[in-house]
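Each remark here refers to the structure printed beneath this line.
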Amino acid sequence: VRVNNDGKNSRWYSGSGIYRSVKLLKTNPVHVDMWGIYITTPEVSKEKAGVQIETWIKNRGNEPQGFDLKIDVINKNGEIVSQKRLNKETGADEIFTNLWKTEIKNPVLWSTEAPELYKARITLIKDGNVLDQAEETFGIRSISFSPEKGFLLNGENVLLKGGCMHHDNGPLGSAAFKAAEYRRVKTMKDNGFNAIRTAHNPPSKYFLDACDELGMLVLDESFDHWQRPKNPEDYNRFFDEWWERDLEAMVLRDRNHPSVIIWSIGNEINERADSSGLEIARMLKAKILEMDKTRPVTQAICEFWDHPGKPWDETAPAFEQMDIHGYNYQWARYESDHEKYPERVMIGTESVPKEAFENWKMVENHPYVIGDFVWTGMDYLGESGIGNSRPDNAEWGFLPPWPWFNSYCGDVSILGYKKPQMYYRDVVWRNSKLEMLVHAPIPGGRTEIVSYWGWPEEWKSWNWAGNEGNFLQVHVYTRAEKVRLELNGQVIGEKEVSEETKLTATFEVPYQPGELVAVALDNGEEIARQVLKTTGEPAAIKITSEKDQIGANPDCLAYFNVEILDENGLLIPNAQIPVDFEIEGGYKLQAVANGNPSDMKSFHSPHVNTFRGRCQLIVRSSDKAGEIKVTAKSNGLKAGETIVEVVK
């Protein structure tokens, strides 16, 4: 396969070539059609669930064919919980459709906390021989949306803690390895997210499978533009010819995934409020509803930055066509728009980390605001440096120059680690009682410029050698009433914290090495504390595998996380140390990375510098069993090594 990928065809890193799984299907002339199983659950309760299974069966032959159609519904234990066998016939060169309605007693419902899955197995049998068999995984769950009750999953209110995510897998590029897609979803889940917006194109099937299995809700998005371009060689050139086929492929492929709760037809579309755009939106929505009427339709609408002078109210016709009303960066308009349009069910389809508190307060206070999706949940390749912070004398403006290569606006790094804004969000979302970060020293006479999507240059570190006696800014985030800050056993001060302070207490602390302690207080009682310690010099490399065992399959990956430790075993949060890797066992190095947005080096070389004391190695499995032994070395440090077993 050769791909001529010239020109500016995407606003982010698109990848090139075949980067998702491709299958060649060989079938009997009589077979279940491609994406020919459609499962819905129109009636859902804890006592029983109505399940409808619609099946499209194609006969490519020249003669009519009779056959038996067997339908099995199977639970996670492999038990058949409902079954039907029918005698059917299809004409020559035609598609036959069968609709079967069944009832499942005492179903286990799919939810974000308990993502229970069932399987529908369709078997075509003639004269005792199997002509074809197809399986489709689904979940039994109900969804509803209203401005009065918000979003209900199985009748229970759920607030969408969302992150927008592009399709790349960081150092792996756009390659959609099953293991990488699963890990990416799990990383978001582990960080408290329960929803992902697939910005701005359909995700891989592996990604949605992971969302189903882990209990992650999905806003499934189709287009970043329609007829008008955002880049000269982008999809607008093909929209008129391809939109219908592409939208059909997305919805038919994805409509059985219980994780998918909303369809999106576009993001910040240039013609969104023009007559041409309104007509396109009607076509797109109508096409979706031909294939699936069980989910609402939205698009992400922004202010008219691309049409200077147009007032916000001119978005009303575009919003009017949608079921869910997607707002990009407009939390300040929610309340006033609700007064004008009380029927709207609003959702923050994009927001910035710096406004996490304001956005979440709107979600918690107003049922008509069902959730918020930050831009972005995780760092991604391209749109390089939109999340930067810099001194005011930097020689670049809106975006930093090469060698910046990743966006750096994510709550989570491309390695999967929390970034500073994620710690703040942990407090906003009530997942943590207390977090403390220290701002890096700002050169004298300078001020910091933080991009719209960025975050101040603060870190969980008390390693600031060379700044002894200088005042450093310490931010403590909590929902407690008060915070006490101590340095080396001496109280620096106490400050009250509230929603008025955006859950933040700020201290100016003269730096000296040692131990910085933040204590959260409610009614004078300690409810949480956090400690930052000055570490010693680099002494050892710690390497940890995320799994002890992986499969003997080229789609399997072994992730190895590396940390630089001092003599006491503490992570050195400012260590930038060159690390060399040795891989034994005959397995392939797939990627190395460090999370540094401006360290543009080969992902395929077994050498990397740590960033914030960490780096990562990814090794690809093969079809042979054995062991992957990885050793991480650096001059003067104790080497680290670990082993992952590869099993058939």
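Each chain in the structure tokens gets a letter, A, B, ..., in the order shown, and its residues are numbered from 1; ligands are numbered from 1 in order too.
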What are the closest atom pairs, with distances in Å to one decimal, for all residues of range 37-72 of chain A lying within 12 Å of range 80-93 of chain A? Consider only C-alpha atoms, order rows by chain and residue number, and present the result as a tab-separated table.
```
residue	atom	partner	partner_atom	distance
A:Lys48	CA	A:Val81	CA	12.0
A:Ala49	CA	A:Ser82	CA	11.6
A:Gly50	CA	A:Ser82	CA	11.3
A:Val51	CA	A:Ser82	CA	9.9
A:Gln52	CA	A:Ser82	CA	11.7
A:Ile53	CA	A:Lys84	CA	11.0
A:Trp56	CA	A:Thr90	CA	10.7
A:Ile57	CA	A:Thr90	CA	8.1
A:Lys58	CA	A:Asp93	CA	7.4
A:Asn59	CA	A:Asp93	CA	5.2
A:Arg60	CA	A:Asp93	CA	4.6
A:Gly61	CA	A:Asp93	CA	5.7
A:Asn62	CA	A:Ala92	CA	5.0
A:Glu63	CA	A:Ala92	CA	4.7
A:Pro64	CA	A:Gly91	CA	4.2
A:Gln65	CA	A:Thr90	CA	5.5
A:Gly66	CA	A:Glu89	CA	4.1
A:Phe67	CA	A:Lys88	CA	5.5
A:Asp68	CA	A:Asn87	CA	4.5
A:Leu69	CA	A:Leu86	CA	5.1
A:Lys70	CA	A:Arg85	CA	4.4
A:Ile71	CA	A:Lys84	CA	5.2
A:Asp72	CA	A:Gln83	CA	4.6
```
Skipping near chain neighbours, those fewer than 3 positions away, what residues fall within 10 Å of Glu221 in chain A using only C-alpha atoms, listed as a list in words?
->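 Non-adjacent residues within range: Arg197, Thr198, Ala199, His200, Asn201, Pro202, Pro203, Val218, Asp224, Leu247, Met250, Ile262, Trp263, Ser264, Ile265, Gly266, Asn267, Val297, Thr298, Gln299 and Ala300 of chain A.
The residues of range 346-409 of chain A that DSSP assigns to strand (DSSP E) on this backbone come out as Met346, Ile347, Gly348, Thr349, Glu350, Ser351, Val369, Ile370, Gly371, Asp372, Phe373, Val374, Ser389, Arg390 and Pro391 of chain A.
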So that I have them on file, write out the residues from the current selection with all heavy atoms, as a compact mmCIF listing (two decimals), in the first residue's frame.
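Dumped everything to selection22.txt:
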```txt
# COMPACT_ATOMS: atom_id res chain seq x y z
N MET A 346 -28.10 21.30 27.32
CA MET A 346 -26.79 21.84 26.98
C MET A 346 -25.67 20.90 27.42
O MET A 346 -25.78 20.19 28.43
CB MET A 346 -26.60 23.21 27.64
CG MET A 346 -27.66 24.22 27.26
SD MET A 346 -27.45 25.76 28.18
CE MET A 346 -28.86 26.71 27.61
N ILE A 347 -24.59 20.97 26.66
CA ILE A 347 -23.40 20.20 27.02
C ILE A 347 -22.17 20.99 26.59
O ILE A 347 -22.16 21.59 25.51
CB ILE A 347 -23.43 18.80 26.36
CG1 ILE A 347 -22.27 17.93 26.87
CG2 ILE A 347 -23.41 18.89 24.85
CD1 ILE A 347 -22.40 16.49 26.45
N GLY A 348 -21.17 21.03 27.43
CA GLY A 348 -19.92 21.70 27.07
C GLY A 348 -19.08 20.78 26.21
O GLY A 348 -18.34 19.95 26.74
N THR A 349 -19.20 20.92 24.89
CA THR A 349 -18.47 20.01 24.00
C THR A 349 -16.98 20.32 23.96
O THR A 349 -16.19 19.47 23.57
CB THR A 349 -19.07 20.05 22.58
OG1 THR A 349 -19.53 21.38 22.29
CG2 THR A 349 -20.24 19.11 22.47
N GLU A 350 -16.60 21.54 24.33
CA GLU A 350 -15.18 21.87 24.57
C GLU A 350 -15.10 22.93 25.65
O GLU A 350 -15.91 23.85 25.70
CB GLU A 350 -14.50 22.38 23.29
CG GLU A 350 -14.17 21.30 22.29
CD GLU A 350 -13.46 21.83 21.03
OE1 GLU A 350 -12.71 22.82 21.15
OE2 GLU A 350 -13.65 21.24 19.96
N SER A 351 -14.08 22.77 26.50
CA SER A 351 -13.78 23.78 27.50
C SER A 351 -12.28 23.78 27.73
O SER A 351 -11.57 22.91 27.21
CB SER A 351 -14.52 23.48 28.81
OG SER A 351 -14.05 22.27 29.38
N VAL A 369 -27.64 21.39 32.02
CA VAL A 369 -26.25 21.25 31.57
C VAL A 369 -25.78 19.86 31.99
O VAL A 369 -25.55 19.60 33.17
CB VAL A 369 -25.34 22.34 32.17
CG1 VAL A 369 -23.93 22.20 31.61
CG2 VAL A 369 -25.89 23.73 31.88
N ILE A 370 -25.66 18.96 31.02
CA ILE A 370 -25.48 17.55 31.37
C ILE A 370 -24.03 17.12 31.50
O ILE A 370 -23.76 16.01 31.98
CB ILE A 370 -26.19 16.63 30.35
CG1 ILE A 370 -25.57 16.78 28.95
CG2 ILE A 370 -27.68 16.93 30.33
CD1 ILE A 370 -26.12 15.78 27.94
N GLY A 371 -23.08 17.98 31.10
CA GLY A 371 -21.69 17.57 31.24
C GLY A 371 -20.75 18.54 30.58
O GLY A 371 -21.15 19.56 29.98
N ASP A 372 -19.48 18.21 30.67
CA ASP A 372 -18.41 19.08 30.17
C ASP A 372 -17.29 18.22 29.61
O ASP A 372 -16.88 17.23 30.23
CB ASP A 372 -17.88 19.95 31.32
CG ASP A 372 -16.66 20.75 30.92
OD1 ASP A 372 -16.75 21.51 29.95
OD2 ASP A 372 -15.60 20.59 31.58
N PHE A 373 -16.79 18.59 28.42
CA PHE A 373 -15.68 17.88 27.79
C PHE A 373 -14.51 18.86 27.65
O PHE A 373 -14.58 19.81 26.87
CB PHE A 373 -16.09 17.37 26.40
CG PHE A 373 -17.06 16.21 26.43
CD1 PHE A 373 -18.42 16.44 26.58
CD2 PHE A 373 -16.61 14.91 26.33
CE1 PHE A 373 -19.32 15.39 26.61
CE2 PHE A 373 -17.50 13.84 26.37
CZ PHE A 373 -18.85 14.08 26.51
N VAL A 374 -13.44 18.59 28.38
CA VAL A 374 -12.28 19.48 28.34
C VAL A 374 -11.50 19.24 27.05
O VAL A 374 -11.44 18.13 26.52
CB VAL A 374 -11.37 19.25 29.56
CG1 VAL A 374 -10.75 17.86 29.55
CG2 VAL A 374 -10.29 20.33 29.64
N SER A 389 2.88 27.49 28.06
CA SER A 389 3.06 28.68 28.89
C SER A 389 4.49 29.16 28.65
O SER A 389 5.38 28.36 28.39
CB SER A 389 2.82 28.37 30.37
OG SER A 389 3.79 27.46 30.84
N ARG A 390 4.70 30.48 28.75
CA ARG A 390 6.00 31.02 28.37
C ARG A 390 6.23 32.37 29.05
O ARG A 390 5.26 33.05 29.41
CB ARG A 390 6.08 31.20 26.85
CG ARG A 390 5.04 32.19 26.30
CD ARG A 390 4.91 32.08 24.79
NE ARG A 390 4.04 33.11 24.21
CZ ARG A 390 2.72 33.03 24.17
NH1 ARG A 390 2.10 31.98 24.68
NH2 ARG A 390 2.01 33.99 23.61
N PRO A 391 7.49 32.78 29.21
CA PRO A 391 7.74 34.15 29.71
C PRO A 391 7.36 35.16 28.64
O PRO A 391 7.32 34.86 27.44
CB PRO A 391 9.26 34.14 29.96
CG PRO A 391 9.79 33.05 29.11
CD PRO A 391 8.72 32.01 29.03
```
Spatial neighbours of range 281-283 of chain A, max dist 12 Å, only C-alpha atoms, sep filter under 5 positions, as a count of residues only | 33
Per residue of range 358-417 of chain A within 10 Å of range 604-624 of chain A, note the shortest atom pair and the distance in Å to one decimal, counting only C-alpha atoms, and order the rows by chain and increasing residue number, as a tab-separated table.
```
residue	atom	partner	partner_atom	distance
A:Ile414	CA	A:Gln616	CA	9.9
A:Leu415	CA	A:Gln616	CA	6.8
A:Gly416	CA	A:Gln616	CA	9.8
A:Tyr417	CA	A:Arg614	CA	9.6
```
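The gap separating CA of Met436 in chain A from CA of Ala520 in chain A is 10.6 Å, in Å to one decimal.
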Coordinates-based distance that separates CA of Phe239 in chain A from CA of Leu278 in chain A (Å, one decimal) =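 Taking CA of Leu278 in chain A and CA of Phe239 in chain A, their separation equals 15.4 Å.
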Select from range 249-361 of chain A everything DSSP, run on the backbone, classes as alpha helix (DSSP H), then give the selection as an MDAnalysis selection string.
-> chainID A and resid 249:254 275:291 316:320 334:340 356:361
What's the 12 Å shell around Glu335 in chain A, counting only C-alpha atoms, without same-chain residues fewer than 5 positions away, as a PyMOL selection string?
-> chain A and resi 330+340-342+344-346+359+361-363+365-369
Exercise: Ile18 in chain A partners within 10 Å, only C-alpha atoms, chain neighbours under 5 positions left out, as a ChimeraX atom specification = /A:1-3,174-176
List the neighbours of Trp453 in chain A out to 12 Å using only C-alpha atoms; skip same-chain residues closer than 6 positions along the sequence, and give me the result as a count of residues only.
-> 28
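Excluding Glu468 in chain A itself and same-chain residues fewer than 2 positions from it, the residues having an atom within 8 Å of it are Trp464, Ala465, Gly466, Asn470, Pro510, Tyr511, Gln512 and Pro513 of chain A, counting only C-alpha atoms.
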Could you tell me how far CA of Pro229 in chain A lies from CA of Ile324 in chain A, in Å and to one decimal?
->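 Between CA of Pro229 in chain A and CA of Ile324 in chain A the gap works out to 25.0 Å.
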Nearest to Glu358 in chain A among A:Glu481, A:Glu500, A:Glu241, A:Glu248, with distances taken over only C-alpha atoms: which residue is it?
->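 For Glu358 in chain A, the nearest of the given residues is A:Glu500.
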For Gln530 in chain A, which of A:Gln576, A:Asn553, A:Ser432, A:Asn98 is the closest residue, counting only C-alpha atoms?
->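 Once distances to Gln530 in chain A are computed over only C-alpha atoms, the minimum belongs to A:Ser432.
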